[in-house]
$ cat coords_22.csv   # CSV, C-alpha atoms
chain,number,residue,atom,x,y,z
A,1058,MET,CA,0.0,0.0,0.0
A,1059,ALA,CA,1.5,3.3,-1.1
A,1060,SER,CA,1.6,6.1,1.5
A,1061,ARG,CA,-0.4,9.2,0.8
A,1062,ARG,CA,1.6,12.2,-0.3
A,1063,PRO,CA,1.0,15.4,1.7
A,1064,PRO,CA,-0.8,18.2,0.0
A,1065,LEU,CA,1.3,20.6,-2.1
A,1066,SER,CA,0.6,23.4,0.3
A,1067,LYS,CA,2.3,21.4,3.1
A,1068,LEU,CA,5.3,20.6,1.0
A,1069,VAL,CA,5.8,24.3,0.0
A,1070,PHE,CA,5.3,25.4,3.6
A,1071,LYS,CA,7.9,22.9,4.9
A,1072,ARG,CA,10.3,23.9,2.2
A,1073,TYR,CA,10.2,27.6,3.2
A,1074,ASP,CA,10.1,27.0,7.0
A,1075,LYS,CA,13.9,27.2,7.0
A,1076,ASP,CA,14.3,27.2,10.8
A,1077,GLU,CA,11.7,24.4,11.2
A,1078,SER,CA,9.8,26.4,13.7
A,1079,GLY,CA,6.4,25.3,12.3
A,1080,PHE,CA,5.8,28.9,11.2
A,1081,ILE,CA,6.9,31.1,8.2
A,1082,ASP,CA,8.1,34.5,9.1
A,1083,ALA,CA,8.2,37.6,6.7
A,1084,GLY,CA,11.6,36.7,5.4
A,1085,GLU,CA,10.7,33.1,4.5
A,1086,LEU,CA,7.4,34.3,3.0
A,1087,GLY,CA,9.3,36.9,0.9
A,1088,GLN,CA,11.7,34.3,-0.4
A,1089,MET,CA,8.9,31.9,-1.3
A,1090,ILE,CA,7.0,34.5,-3.2
A,1091,TYR,CA,10.2,35.6,-5.0
A,1092,ASP,CA,11.1,32.0,-5.9
A,1093,MET,CA,7.6,31.6,-7.4
A,1094,GLY,CA,8.2,34.5,-9.7
A,1095,HIS,CA,6.6,37.4,-7.8
A,1096,LYS,CA,8.6,40.3,-6.5
A,1097,LEU,CA,7.1,42.2,-3.6
A,1098,THR,CA,8.1,45.7,-2.5
A,1099,GLU,CA,9.0,46.0,1.2
A,1100,ALA,CA,5.6,47.6,1.8
A,1101,GLU,CA,3.8,44.7,0.0
A,1102,LEU,CA,5.7,42.1,2.0
A,1103,VAL,CA,4.8,43.8,5.3
A,1104,ALA,CA,1.1,43.9,4.1
A,1105,ALA,CA,1.3,40.3,2.8
A,1106,THR,CA,2.6,39.1,6.2
A,1107,GLN,CA,-0.3,41.0,7.9
A,1108,GLN,CA,-2.8,39.6,5.5
A,1109,LEU,CA,-1.8,36.0,6.0
A,1110,ASP,CA,-1.2,36.2,9.8
A,1111,LYS,CA,-4.8,36.1,10.7
A,1112,ASN,CA,-4.3,35.9,14.5
A,1113,GLY,CA,-1.7,38.7,14.6
A,1114,ASP,CA,1.1,36.8,16.4
A,1115,GLY,CA,3.7,37.9,13.9
A,1116,LYS,CA,4.2,34.5,12.2
A,1117,ILE,CA,2.3,32.5,9.7
A,1118,SER,CA,1.1,29.0,10.8
A,1119,TYR,CA,0.4,26.2,8.3
A,1120,GLU,CA,-3.3,26.7,8.7
A,1121,GLU,CA,-3.0,30.4,7.8
A,1122,PHE,CA,-0.8,29.6,4.9
A,1123,ALA,CA,-3.0,26.8,3.6
A,1124,SER,CA,-6.0,29.2,3.7
A,1125,TRP,CA,-4.1,31.6,1.4
A,1126,TRP,CA,-2.7,28.9,-0.8
A,1127,ALA,CA,-6.2,27.5,-1.4
A,1128,ARG,CA,-7.0,30.7,-3.3
A,1129,GLY,CA,-5.3,29.2,-6.4
A,1130,ASP,CA,-4.5,31.6,-9.2
A,1131,GLU,CA,-5.6,34.7,-7.2
A,1132,ARG,CA,-3.3,34.1,-4.3
A,1133,PHE,CA,-0.6,36.4,-5.6
A,1134,SER,CA,-2.9,39.1,-6.9
A,1135,SER,CA,-4.5,39.3,-3.5
A,1136,LEU,CA,-1.1,40.5,-2.1
A,1137,GLU,CA,-0.8,43.5,-4.5
A,1138,LEU,CA,-1.4,46.9,-2.9
A,1139,SER,CA,-2.9,50.1,-4.3
A,1140,GLU,CA,-0.4,53.0,-4.7
A,1141,SER,CA,-2.1,54.7,-1.7
A,1142,ALA,CA,-1.7,51.7,0.5
A,1143,GLN,CA,1.9,51.3,-0.5
A,1144,LYS,CA,2.6,54.9,0.4
A,1145,GLN,CA,0.9,54.5,3.8
A,1146,ILE,CA,2.9,51.3,4.6
A,1147,SER,CA,6.1,52.8,3.3
A,1148,ALA,CA,5.6,55.8,5.6
A,1149,ALA,CA,5.0,53.5,8.5
A,1150,ILE,CA,8.2,51.5,7.7
A,1151,ASP,CA,10.2,54.8,7.4
A,1152,PHE,CA,8.8,56.0,10.8
A,1153,PHE,CA,9.7,52.7,12.4
A,1154,LYS,CA,13.2,52.7,10.9
A,1155,TYR,CA,13.8,56.3,11.9
A,1156,TYR,CA,13.4,55.3,15.6
A,1157,ASP,CA,15.2,52.0,15.3
A,1158,LYS,CA,18.5,53.7,16.0
A,1159,ASP,CA,20.6,50.6,16.4
A,1160,ARG,CA,19.1,49.0,13.2
A,1161,SER,CA,18.2,45.8,15.1
A,1162,GLY,CA,14.8,45.5,13.5
A,1163,CYS,CA,13.1,46.2,16.8
A,1164,ILE,CA,12.4,49.2,18.9
A,1165,ASP,CA,13.6,48.6,22.4
A,1166,ARG,CA,12.4,50.4,25.6
A,1167,THR,CA,15.0,53.2,25.2
A,1168,GLU,CA,14.1,53.8,21.5
A,1169,PHE,CA,10.4,53.6,22.3
A,1170,LYS,CA,10.2,56.8,24.4
A,1171,PRO,CA,10.5,59.2,21.4
A,1172,VAL,CA,8.1,57.0,19.4
A,1173,TYR,CA,5.6,57.2,22.2
A,1174,GLU,CA,6.0,61.0,22.4
A,1175,SER,CA,5.5,61.3,18.6
A,1176,LEU,CA,2.4,59.1,18.6
A,1177,LYS,CA,0.9,61.0,21.6
A,1178,ALA,CA,1.6,64.3,19.8
A,1179,GLY,CA,-0.2,62.9,16.8
A,1180,GLY,CA,-3.3,62.5,19.0
A,1181,HIS,CA,-3.2,58.7,19.6
A,1182,GLN,CA,-4.6,57.6,22.9
A,1183,LEU,CA,-2.0,55.3,24.4
A,1184,GLY,CA,-2.2,55.7,28.1
A,1185,SER,CA,1.1,55.6,30.0
A,1186,ILE,CA,4.4,54.7,28.3
A,1187,GLU,CA,4.3,51.3,30.0
A,1188,GLU,CA,0.7,50.7,28.9
A,1189,ALA,CA,1.6,51.6,25.3
A,1190,LEU,CA,4.6,49.4,25.3
A,1191,ALA,CA,2.5,46.5,26.6
A,1192,VAL,CA,-0.1,47.0,23.9
A,1193,LEU,CA,2.4,47.2,21.0
A,1194,ASP,CA,4.7,44.5,22.3
A,1195,THR,CA,2.4,41.5,21.7
A,1196,SER,CA,5.2,39.0,22.1
A,1197,GLY,CA,6.2,40.3,25.5
A,1198,ASP,CA,9.9,40.3,24.7
A,1199,GLY,CA,10.4,44.0,25.7
A,1200,GLN,CA,10.8,45.1,22.1
A,1201,ILE,CA,8.5,46.1,19.3
A,1202,SER,CA,9.1,44.5,16.0
A,1203,LEU,CA,8.0,46.0,12.7
A,1204,ASP,CA,5.3,43.4,12.4
A,1205,GLU,CA,4.0,44.3,15.9
A,1206,TYR,CA,4.0,48.0,15.0
A,1207,VAL,CA,2.2,47.5,11.7
A,1208,ASN,CA,-0.3,45.1,13.3
A,1209,TRP,CA,-1.1,47.7,15.9
A,1210,LEU,CA,-1.5,50.4,13.2
A,1211,VAL,CA,-4.0,48.1,11.4
A,1212,LYS,CA,-5.9,47.1,14.5
A,1213,SER,CA,-6.1,50.7,15.6
A,1214,LYS,CA,-7.4,51.6,12.1
A,1215,ILE,CA,-4.6,54.1,11.6
A,1216,LEU,CA,-3.4,52.1,8.6
A,1217,LYS,CA,-6.1,50.8,6.3
A,1218,LEU,CA,-5.0,47.9,4.0
$ encode --input "coords_22.csv" --output "C-alpha cells"
Amino acid sequence: MASRRPPLSKLVFKRYDKDESGFIDAGELGQMIYDMGHKLTEAELVAATQQLDKNGDGKISYEEFASWWARGDERFSSLELSESAQKQISAAIDFFKYYDKDRSGCIDRTEFKPVYESLKAGGHQLGSIEEALAVLDTSGDGQISLDEYVNWLVKSKILKL
C-alpha cells in the first residue's frame, strides 16, 4: 500500500520554513513569493505578512498559509497593494526605521520613548508609556518589531490595507 503524499501546500510550507519552527516569518514568505516569480516591495511584503497572519502573532502558521494557498490563481494578486496603501505602509516603515537607531529591526524600551511621544503628539490615545509598550509588544519580549508595529496600526485603524 502506497503512503499518501502530503498536499502541495504542506510541501511548500515545509520547504520555506527554513528554521523548522512550524511557522513562516516575513523573510521566509518573501523568499517563497520571489522563488515563485513574484517580487514584492518591502511595503507589500509587510502587508502580505499581515494579511496571512490572521491571529496577529507575527508569524504564519500552516493553517493560515493553507487558507491563502487555497485561493489558487488569485493568491498572488491578493497581495498587491494600491499605490495609496503602498505609500501608507512605506511611511509607517520609514517612521519605524527612523526610531530603530541601532538598526536591530526592533524598537527597544529606550528607543520607544520618542516613538511614544511622537504618537501621543499625533493624537493617539496610548495611556502611560508602560501601557503603550504592553499594547504594542504583543510577544512580551520587551521590544516592538516592525510586524507588531504595523499590526497595531492596522488594529487601531490608523493604517487601512
$ atom_distance --input "coords_22.csv" --atom1 "CA of Gly1162 (chain A)" --atom2 "CA of Phe1133 (chain A)"
26.2 Å
$ residues_around --input "coords_22.csv" --residues "Ser1139 (chain A)" --least-positions-apart "4" --cutoff "10 Å" --atoms "all atoms listed in the file" --output "list in words"
Glu1101, Gln1143, Lys1144, Gln1145 and Leu1218 of chain A
$ residues_around --input "coords_22.csv" --residues "Cys1163 (chain A)" --least-positions-apart "3" --cutoff "7 Å" --atoms "all atoms listed in the file" --output "JSON, numbers by chain"
{"A": [1157, 1200, 1201, 1202, 1203]}
$ residues_around --input "coords_22.csv" --residues "Ala1100 (chain A)" --least-positions-apart "6" --cutoff "12 Å" --atoms "only C-alpha atoms" --output "PyMOL selection string"
chain A and resi 1083+1087+1106-1107+1136-1151+1203-1204+1207+1218
$ atom_distance --input "coords_22.csv" --atom1 "CA of Thr1167 (chain A)" --atom2 "CA of Glu1085 (chain A)"
29.2 Å
$ residues_around --input "coords_22.csv" --residues "region 1088-1095 of chain A" --least-positions-apart "3" --cutoff "10 Å" --atoms "all atoms listed in the file" --output "number ranges by chain"
A: 1069-1070, 1072-1074, 1081, 1083-1085, 1098, 1102, 1133-1134
$ write_last_selection --input "coords_22.csv" --atoms "C-alpha atoms" --output "short mmCIF file (atom, residue, chain, number, x, y, z; two decimals), in the coordinates of the input"
data_model
loop_
_atom_site.label_atom_id
_atom_site.label_comp_id
_atom_site.auth_asym_id
_atom_site.auth_seq_id
_atom_site.Cartn_x
_atom_site.Cartn_y
_atom_site.Cartn_z
CA VAL A 1069 5.80 24.30 0.00
CA PHE A 1070 5.30 25.40 3.60
CA ARG A 1072 10.30 23.90 2.20
CA TYR A 1073 10.20 27.60 3.20
CA ASP A 1074 10.10 27.00 7.00
CA ILE A 1081 6.90 31.10 8.20
CA ALA A 1083 8.20 37.60 6.70
CA GLY A 1084 11.60 36.70 5.40
CA GLU A 1085 10.70 33.10 4.50
CA THR A 1098 8.10 45.70 -2.50
CA LEU A 1102 5.70 42.10 2.00
CA PHE A 1133 -0.60 36.40 -5.60
CA SER A 1134 -2.90 39.10 -6.90
#
$ atom_distance --input "coords_22.csv" --atom1 "CA of Ala1105 (chain A)" --atom2 "CA of Leu1183 (chain A)"
26.5 Å
$ closest_residue --input "coords_22.csv" --among "A:Ala1191, A:Ala1178, A:Val1172, A:Ala1123" --to "Leu1065 (chain A)" --atoms "all atoms listed in the file"
A:Ala1123
$ closest_residue --input "coords_22.csv" --among "A:Gln1182, A:Leu1086, A:Gly1115, A:Leu1190" --to "Lys1170 (chain A)" --atoms "only C-alpha atoms"
A:Leu1190
$ residues_around --input "coords_22.csv" --residues "Lys1071 (chain A)" --least-positions-apart "5" --cutoff "10 Å" --atoms "all atoms listed in the file" --output "ChimeraX atom specification"
/A:1065-1066,1076-1081,1119
$ build_atoms --input "coords_22.csv" --residues "region 1099-1110 of chain A" --atoms "all heavy atoms" --output "tab-separated table (two decimals), keeping the file's coordinate frame"
chain	number	residue	atom	x	y	z
A	1099	GLU	N	8.99	46.13	-0.25
A	1099	GLU	CA	9.00	46.00	1.20
A	1099	GLU	C	7.66	46.23	1.83
A	1099	GLU	O	7.22	45.49	2.70
A	1099	GLU	CB	10.06	46.97	1.80
A	1099	GLU	CG	10.25	46.83	3.29
A	1099	GLU	CD	11.31	47.78	3.84
A	1099	GLU	OE1	11.60	48.81	3.20
A	1099	GLU	OE2	11.82	47.49	4.91
A	1100	ALA	N	6.97	47.24	1.33
A	1100	ALA	CA	5.60	47.60	1.80
A	1100	ALA	C	4.65	46.42	1.55
A	1100	ALA	O	3.84	46.05	2.41
A	1100	ALA	CB	5.12	48.85	1.21
A	1101	GLU	N	4.72	45.84	0.34
A	1101	GLU	CA	3.80	44.70	0.00
A	1101	GLU	C	4.13	43.50	0.85
A	1101	GLU	O	3.20	42.79	1.25
A	1101	GLU	CB	3.95	44.39	-1.48
A	1101	GLU	CG	3.30	45.41	-2.39
A	1101	GLU	CD	3.56	45.17	-3.86
A	1101	GLU	OE1	4.67	44.71	-4.22
A	1101	GLU	OE2	2.65	45.47	-4.64
A	1102	LEU	N	5.40	43.25	1.16
A	1102	LEU	CA	5.70	42.10	2.00
A	1102	LEU	C	5.21	42.30	3.41
A	1102	LEU	O	4.68	41.36	4.01
A	1102	LEU	CB	7.26	41.87	2.02
A	1102	LEU	CG	7.72	40.67	2.86
A	1102	LEU	CD1	7.05	39.38	2.38
A	1102	LEU	CD2	9.23	40.54	2.80
A	1103	VAL	N	5.32	43.50	3.94
A	1103	VAL	CA	4.80	43.80	5.30
A	1103	VAL	C	3.25	43.54	5.25
A	1103	VAL	O	2.70	42.88	6.13
A	1103	VAL	CB	5.10	45.22	5.73
A	1103	VAL	CG1	4.28	45.62	6.94
A	1103	VAL	CG2	6.58	45.35	6.01
A	1104	ALA	N	2.59	44.06	4.23
A	1104	ALA	CA	1.10	43.90	4.10
A	1104	ALA	C	0.77	42.43	3.90
A	1104	ALA	O	-0.22	41.95	4.47
A	1104	ALA	CB	0.60	44.75	2.97
A	1105	ALA	N	1.54	41.71	3.10
A	1105	ALA	CA	1.30	40.30	2.80
A	1105	ALA	C	1.37	39.49	4.14
A	1105	ALA	O	0.53	38.63	4.43
A	1105	ALA	CB	2.23	39.73	1.81
A	1106	THR	N	2.38	39.79	4.94
A	1106	THR	CA	2.60	39.10	6.20
A	1106	THR	C	1.35	39.38	7.11
A	1106	THR	O	0.80	38.46	7.73
A	1106	THR	CB	3.86	39.53	6.90
A	1106	THR	OG1	4.95	39.28	6.00
A	1106	THR	CG2	4.09	38.78	8.19
A	1107	GLN	N	0.91	40.63	7.15
A	1107	GLN	CA	-0.30	41.00	7.90
A	1107	GLN	C	-1.51	40.27	7.42
A	1107	GLN	O	-2.33	39.81	8.20
A	1107	GLN	CB	-0.49	42.50	7.89
A	1107	GLN	CG	0.57	43.30	8.59
A	1107	GLN	CD	0.63	43.03	10.07
A	1107	GLN	OE1	-0.38	42.98	10.74
A	1107	GLN	NE2	1.83	42.83	10.58
A	1108	GLN	N	-1.65	40.19	6.11
A	1108	GLN	CA	-2.80	39.60	5.50
A	1108	GLN	C	-2.89	38.07	5.82
A	1108	GLN	O	-3.96	37.55	6.14
A	1108	GLN	CB	-2.79	39.78	4.00
A	1108	GLN	CG	-3.99	39.23	3.28
A	1108	GLN	CD	-3.89	39.39	1.77
A	1108	GLN	OE1	-2.86	39.80	1.23
A	1108	GLN	NE2	-4.94	39.07	1.08
A	1109	LEU	N	-1.78	37.39	5.76
A	1109	LEU	CA	-1.80	36.00	6.00
A	1109	LEU	C	-1.82	35.62	7.49
A	1109	LEU	O	-2.38	34.60	7.88
A	1109	LEU	CB	-0.53	35.30	5.37
A	1109	LEU	CG	-0.70	34.84	3.93
A	1109	LEU	CD1	-0.80	36.00	2.98
A	1109	LEU	CD2	0.45	33.95	3.53
A	1110	ASP	N	-1.24	36.47	8.31
A	1110	ASP	CA	-1.20	36.20	9.80
A	1110	ASP	C	-2.50	36.64	10.41
A	1110	ASP	O	-2.63	37.70	11.00
A	1110	ASP	CB	-0.01	37.05	10.34
A	1110	ASP	CG	0.12	36.90	11.84
A	1110	ASP	OD1	-0.40	35.91	12.40
A	1110	ASP	OD2	0.72	37.79	12.46
